[in-house]
Amino acid sequence: MTANTQLEQRAAYYGQIAQQKLAPLWESLHNLVPKQPKPQAVAAVWKYAQIRHLVLQSGALISAEEAVRRVLILENPGLPGKSSMTPNLYAGLQLILPGEIAPSHRHTQSALRFIVEGESAWTAVNGERTAMRPGDFIITPSWTWHDHGNLTVEEGGVPVVWLDGLDIPLVAHLDAGLAENFSKATQPVTRPEGDSFARYGHNMLPVRYKVEDPTSPIFSYPYERSREALDRLYRNGEHDKWDGVKLRYANPASGGYPMPTIATFMQFLPAGFRGRTYRSTDATVYCVVEGRGTVHIGEQTFTFEPHDVFVVPSWAQVRLDADSDAVLFSYSDRPVLAALNLLREERV
Ligand code: GTQ
């Protein structure tokens with residue numbers, strides 16, 4: 001039998017079995033069980049200086065109320081049409097103008113906010129409002145009511161922009177998306193601002209507190225505190241050759257991650273830092289807070305400066321250089337990979 005006849009016979013056979021909803025594994029085995037991750041997501045950067053005016057322009061086109069959430073999705077060019085930054089995670093830049101309200105709703109997707117610019121907005125989570133300031137990391141856990149607002153111009157309101165990180169693609173993959181709107185634009189405020197931080201954010205917990213769900217009882221992690229911790233550790237001599245000074249955000253009651261599907265980190269790289277190469281199976285989104293530098297991802301090189309966002313796909317080699325003292329916030333699907341025993345890390 002010639003090679004051609006064999007191919008023809010197989011093709012005819014594949015046609016026959018397809019009619020019975022069958023497919024030959026041997027044609028796809030190497031793709032289904034790859035030797036290494038082969039992400040469709042690619043490394044990419046969003047330079048804030050190039051997109052800021054476009055984010056602000058959206059404010060003239062649609063109100064926060066009409067949009068429900070006025071957000072420009074950061075879509076990974078390797079995942080076109082998927083509204084995804086990585087296979088599991090979403091990223092977007094949300095704008096709220098003075099006097100606006102983004103109406104209250106809740107959904108099974110977990111969300112984080114990382115404040116980029118503007119100091120006058122607030123977000124409400126489960127009956128408590130918190131101010132949003134640049135560098136603050138705020139969580140909106142799964143199924144918690146949340147609405148966002150901003151002071152009026154008279155009260156000193158300015159346009160506020162933050163980075164939204166959600167597990168939208170993961171939840172879609174699991175077919176577990178549920179959502180509902182609150183009956184009013186804003187939920188009732190039942191606790192004064194700072195209440196949960198006082199209860200859970202000072203290395204203390206209410207006497208009879210029991211850990212009953214995987215979500216952090218504090219929902220705002222102010223930049224000041226995170227920055228101070230990194231700074232102190234650096235001055236104490238901490239200096240990891242891969243990470244600089246890097247901490248993960250924690251649920252203070254369990255020691256786990258703030259939310260079950262998304263891990264968050266903040267790291268300090270001193271001026272002149274030339275990081276070593278590492279890789280891991282948690283695809284990671286970075287947002288630059290302070291400083292300038294360069295990130296090398298696989299064969300690609302991007303410079304970064306404050307408010308830039310870049311993404312490192314699973315298993316891509318990454319190395320960070322800092323030209324000035326730099327602070328980077330990042331988030332990934334690490335808790336999901338860890339829970340499934342799929343987290344692999346390599347520090348070269
Ligand atoms: O603020 O609730 O970027 O529900 C995407 C979906 C933000 C939000 C997004 C959302 C939100």
# chains A, B, ... in the order shown; residues from 1 in each chain; ligands from 1
>>> residues_around(residues="Gly194 (chain A)", least_positions_apart="5", cutoff="9 Å", atoms="only C-alpha atoms", output="ChimeraX atom specification")
/A:128-130,199,220
>>> closest_atom_pairs(of="region 158-255 of chain A", to="region 319-343 of chain A", cutoff="9 Å", atoms="only C-alpha atoms", output="tab-separated table")
residue	atom	partner	partner_atom	distance
A:Gly165	CA	A:Tyr331	CA	7.8
A:Asp167	CA	A:Asp333	CA	8.1
A:Arg227	CA	A:Val327	CA	8.3
A:Trp242	CA	A:Arg319	CA	7.4
A:Asp243	CA	A:Leu320	CA	8.1
>>> write_last_selection(atoms="N, CA and C atoms", output="PDB file, in the first residue's frame")
ATOM      1  N   GLY A 165      -9.221  42.967  37.880  1.00  0.00           N
ATOM      2  CA  GLY A 165      -8.755  41.606  37.593  1.00  0.00           C
ATOM      3  C   GLY A 165      -9.841  40.645  38.042  1.00  0.00           C
ATOM      4  N   ASP A 167     -11.769  36.511  37.552  1.00  0.00           N
ATOM      5  CA  ASP A 167     -11.605  35.130  37.086  1.00  0.00           C
ATOM      6  C   ASP A 167     -12.698  34.763  36.079  1.00  0.00           C
ATOM      7  N   ARG A 227       3.725  48.982  50.900  1.00  0.00           N
ATOM      8  CA  ARG A 227       4.962  49.678  50.502  1.00  0.00           C
ATOM      9  C   ARG A 227       5.937  49.726  51.668  1.00  0.00           C
ATOM     10  N   TRP A 242      15.913  36.612  42.151  1.00  0.00           N
ATOM     11  CA  TRP A 242      14.880  36.504  41.108  1.00  0.00           C
ATOM     12  C   TRP A 242      13.797  37.573  41.288  1.00  0.00           C
ATOM     13  N   ASP A 243      13.394  37.761  42.551  1.00  0.00           N
ATOM     14  CA  ASP A 243      12.194  38.554  42.857  1.00  0.00           C
ATOM     15  C   ASP A 243      12.467  39.937  43.441  1.00  0.00           C
TER      16      ASP A 243
END
>>> residues_near_ligand(ligand="ligand 1", cutoff="10 Å", atoms="only C-alpha atoms and all ligand atoms", output="PyMOL selection string")
chain A and resi 68-74+83+90-95+102-113+123+140+144-148+162-168+179
>>> select_by_dssp(residues="region 129-245 of chain A", states="strand (DSSP E or B)", output="JSON list (two decimals) with N, CA and C atoms, in the first residue's frame")
[["chain", "number", "residue", "atom", "x", "y", "z"],
["A", 129, "ARG", "N", -18.18, 50.75, 52.85],
["A", 129, "ARG", "CA", -17.49, 51.49, 51.79],
["A", 129, "ARG", "C", -16.02, 51.64, 52.14],
["A", 130, "THR", "N", -15.19, 51.69, 51.12],
["A", 130, "THR", "CA", -13.79, 51.99, 51.35],
["A", 130, "THR", "C", -13.30, 52.96, 50.29],
["A", 131, "ALA", "N", -12.45, 53.88, 50.72],
["A", 131, "ALA", "CA", -11.84, 54.83, 49.78],
["A", 131, "ALA", "C", -10.88, 54.06, 48.88],
["A", 137, "PHE", "N", -5.01, 47.79, 46.91],
["A", 137, "PHE", "CA", -5.53, 46.54, 46.34],
["A", 137, "PHE", "C", -6.82, 46.22, 47.09],
["A", 138, "ILE", "N", -7.92, 46.12, 46.34],
["A", 138, "ILE", "CA", -9.25, 45.93, 46.95],
["A", 138, "ILE", "C", -9.89, 44.69, 46.34],
["A", 139, "ILE", "N", -10.57, 43.91, 47.17],
["A", 139, "ILE", "CA", -11.21, 42.70, 46.63],
["A", 139, "ILE", "C", -12.74, 42.83, 46.66],
["A", 140, "THR", "N", -13.36, 42.21, 45.68],
["A", 140, "THR", "CA", -14.81, 42.03, 45.65],
["A", 140, "THR", "C", -15.02, 40.53, 45.51],
["A", 146, "HIS", "N", -21.60, 44.72, 45.23],
["A", 146, "HIS", "CA", -20.60, 45.79, 45.11],
["A", 146, "HIS", "C", -21.07, 46.87, 44.16],
["A", 147, "ASP", "N", -20.86, 48.10, 44.59],
["A", 147, "ASP", "CA", -21.10, 49.27, 43.76],
["A", 147, "ASP", "C", -19.92, 50.21, 43.94],
["A", 148, "HIS", "N", -19.68, 51.03, 42.92],
["A", 148, "HIS", "CA", -18.57, 51.97, 42.96],
["A", 148, "HIS", "C", -19.13, 53.37, 42.80],
["A", 149, "GLY", "N", -18.45, 54.35, 43.40],
["A", 149, "GLY", "CA", -18.92, 55.73, 43.26],
["A", 149, "GLY", "C", -17.76, 56.69, 43.32],
["A", 150, "ASN", "N", -18.07, 57.96, 43.09],
["A", 150, "ASN", "CA", -17.02, 58.98, 43.09],
["A", 150, "ASN", "C", -17.61, 60.27, 43.66],
["A", 160, "VAL", "N", -11.29, 58.71, 38.10],
["A", 160, "VAL", "CA", -10.52, 57.65, 38.78],
["A", 160, "VAL", "C", -10.47, 56.43, 37.86],
["A", 161, "VAL", "N", -9.28, 55.87, 37.75],
["A", 161, "VAL", "CA", -9.06, 54.69, 36.90],
["A", 161, "VAL", "C", -8.45, 53.59, 37.74],
["A", 162, "TRP", "N", -9.01, 52.40, 37.60],
["A", 162, "TRP", "CA", -8.36, 51.26, 38.25],
["A", 162, "TRP", "C", -8.32, 50.05, 37.33],
["A", 163, "LEU", "N", -7.44, 49.13, 37.67],
["A", 163, "LEU", "CA", -7.32, 47.87, 36.93],
["A", 163, "LEU", "C", -8.23, 46.85, 37.59],
["A", 164, "ASP", "N", -9.14, 46.28, 36.81],
["A", 164, "ASP", "CA", -9.98, 45.19, 37.28],
["A", 164, "ASP", "C", -9.32, 43.87, 36.92],
["A", 165, "GLY", "N", -9.22, 42.97, 37.88],
["A", 165, "GLY", "CA", -8.75, 41.61, 37.59],
["A", 165, "GLY", "C", -9.84, 40.64, 38.04],
["A", 166, "LEU", "N", -10.35, 39.85, 37.14],
["A", 166, "LEU", "CA", -11.42, 38.90, 37.50],
["A", 166, "LEU", "C", -11.09, 37.51, 36.97],
["A", 179, "ALA", "N", -25.33, 35.80, 38.21],
["A", 179, "ALA", "CA", -25.25, 37.22, 38.55],
["A", 179, "ALA", "C", -26.63, 37.77, 38.82],
["A", 180, "GLU", "N", -26.71, 38.81, 39.65],
["A", 180, "GLU", "CA", -27.96, 39.54, 39.81],
["A", 180, "GLU", "C", -27.70, 40.99, 40.16],
["A", 181, "ASN", "N", -28.69, 41.84, 39.82],
["A", 181, "ASN", "CA", -28.59, 43.26, 40.12],
["A", 181, "ASN", "C", -29.26, 43.54, 41.45],
["A", 191, "ARG", "N", -21.99, 49.37, 57.88],
["A", 191, "ARG", "CA", -20.85, 49.47, 58.79],
["A", 191, "ARG", "C", -20.01, 50.68, 58.40],
["A", 220, "SER", "N", -9.82, 45.70, 51.76],
["A", 220, "SER", "CA", -8.92, 46.73, 51.25],
["A", 220, "SER", "C", -7.54, 46.53, 51.85],
["A", 221, "TYR", "N", -6.55, 46.51, 51.00],
["A", 221, "TYR", "CA", -5.16, 46.37, 51.42],
["A", 221, "TYR", "C", -4.44, 47.64, 50.98],
["A", 240, "ASP", "N", 16.13, 38.99, 47.04],
["A", 240, "ASP", "CA", 16.09, 37.73, 46.31],
["A", 240, "ASP", "C", 16.58, 37.97, 44.88],
["A", 244, "GLY", "N", 13.68, 40.24, 43.84],
["A", 244, "GLY", "CA", 13.91, 41.44, 44.63],
["A", 244, "GLY", "C", 13.31, 41.21, 46.01],
["A", 245, "VAL", "N", 12.42, 42.08, 46.43],
["A", 245, "VAL", "CA", 11.66, 41.84, 47.67],
["A", 245, "VAL", "C", 10.21, 41.62, 47.25]]
>>> residues_around(residues="region 345-347 of chain A", least_positions_apart="3", cutoff="7 Å", atoms="only C-alpha atoms", output="list in words")
Thr277, Tyr278, Arg279, Ser280 and Thr281 of chain A
>>> write_last_selection(atoms="N, CA and C atoms", output="PDB file, in the first residue's frame")
ATOM      1  N   THR A 277      16.363  34.556  35.796  1.00  0.00           N
ATOM      2  CA  THR A 277      15.234  34.032  35.026  1.00  0.00           C
ATOM      3  C   THR A 277      14.422  33.016  35.828  1.00  0.00           C
ATOM      4  N   TYR A 278      13.109  33.134  35.775  1.00  0.00           N
ATOM      5  CA  TYR A 278      12.264  32.099  36.363  1.00  0.00           C
ATOM      6  C   TYR A 278      11.033  31.873  35.482  1.00  0.00           C
ATOM      7  N   ARG A 279      10.328  30.809  35.783  1.00  0.00           N
ATOM      8  CA  ARG A 279       9.066  30.569  35.098  1.00  0.00           C
ATOM      9  C   ARG A 279       8.159  29.745  36.005  1.00  0.00           C
ATOM     10  N   SER A 280       6.884  29.829  35.757  1.00  0.00           N
ATOM     11  CA  SER A 280       5.932  29.071  36.562  1.00  0.00           C
ATOM     12  C   SER A 280       4.676  28.848  35.750  1.00  0.00           C
ATOM     13  N   THR A 281       3.844  27.913  36.212  1.00  0.00           N
ATOM     14  CA  THR A 281       2.639  27.583  35.438  1.00  0.00           C
ATOM     15  C   THR A 281       1.468  28.510  35.764  1.00  0.00           C
TER      16      THR A 281
END
>>> closest_residue(among="A:Tyr14, A:Tyr48, A:Phe219, A:Trp315", to="Val288 (chain A)", atoms="only C-alpha atoms")
A:Tyr48
>>> closest_residue(among="A:Asn126, A:Thr284, A:Gln57, A:Gln267", to="Ala43 (chain A)", atoms="only C-alpha atoms")
A:Thr284
>>> atom_distance(atom1="CA of Gly15 (chain A)", atom2="CA of Val33 (chain A)")
23.8 Å
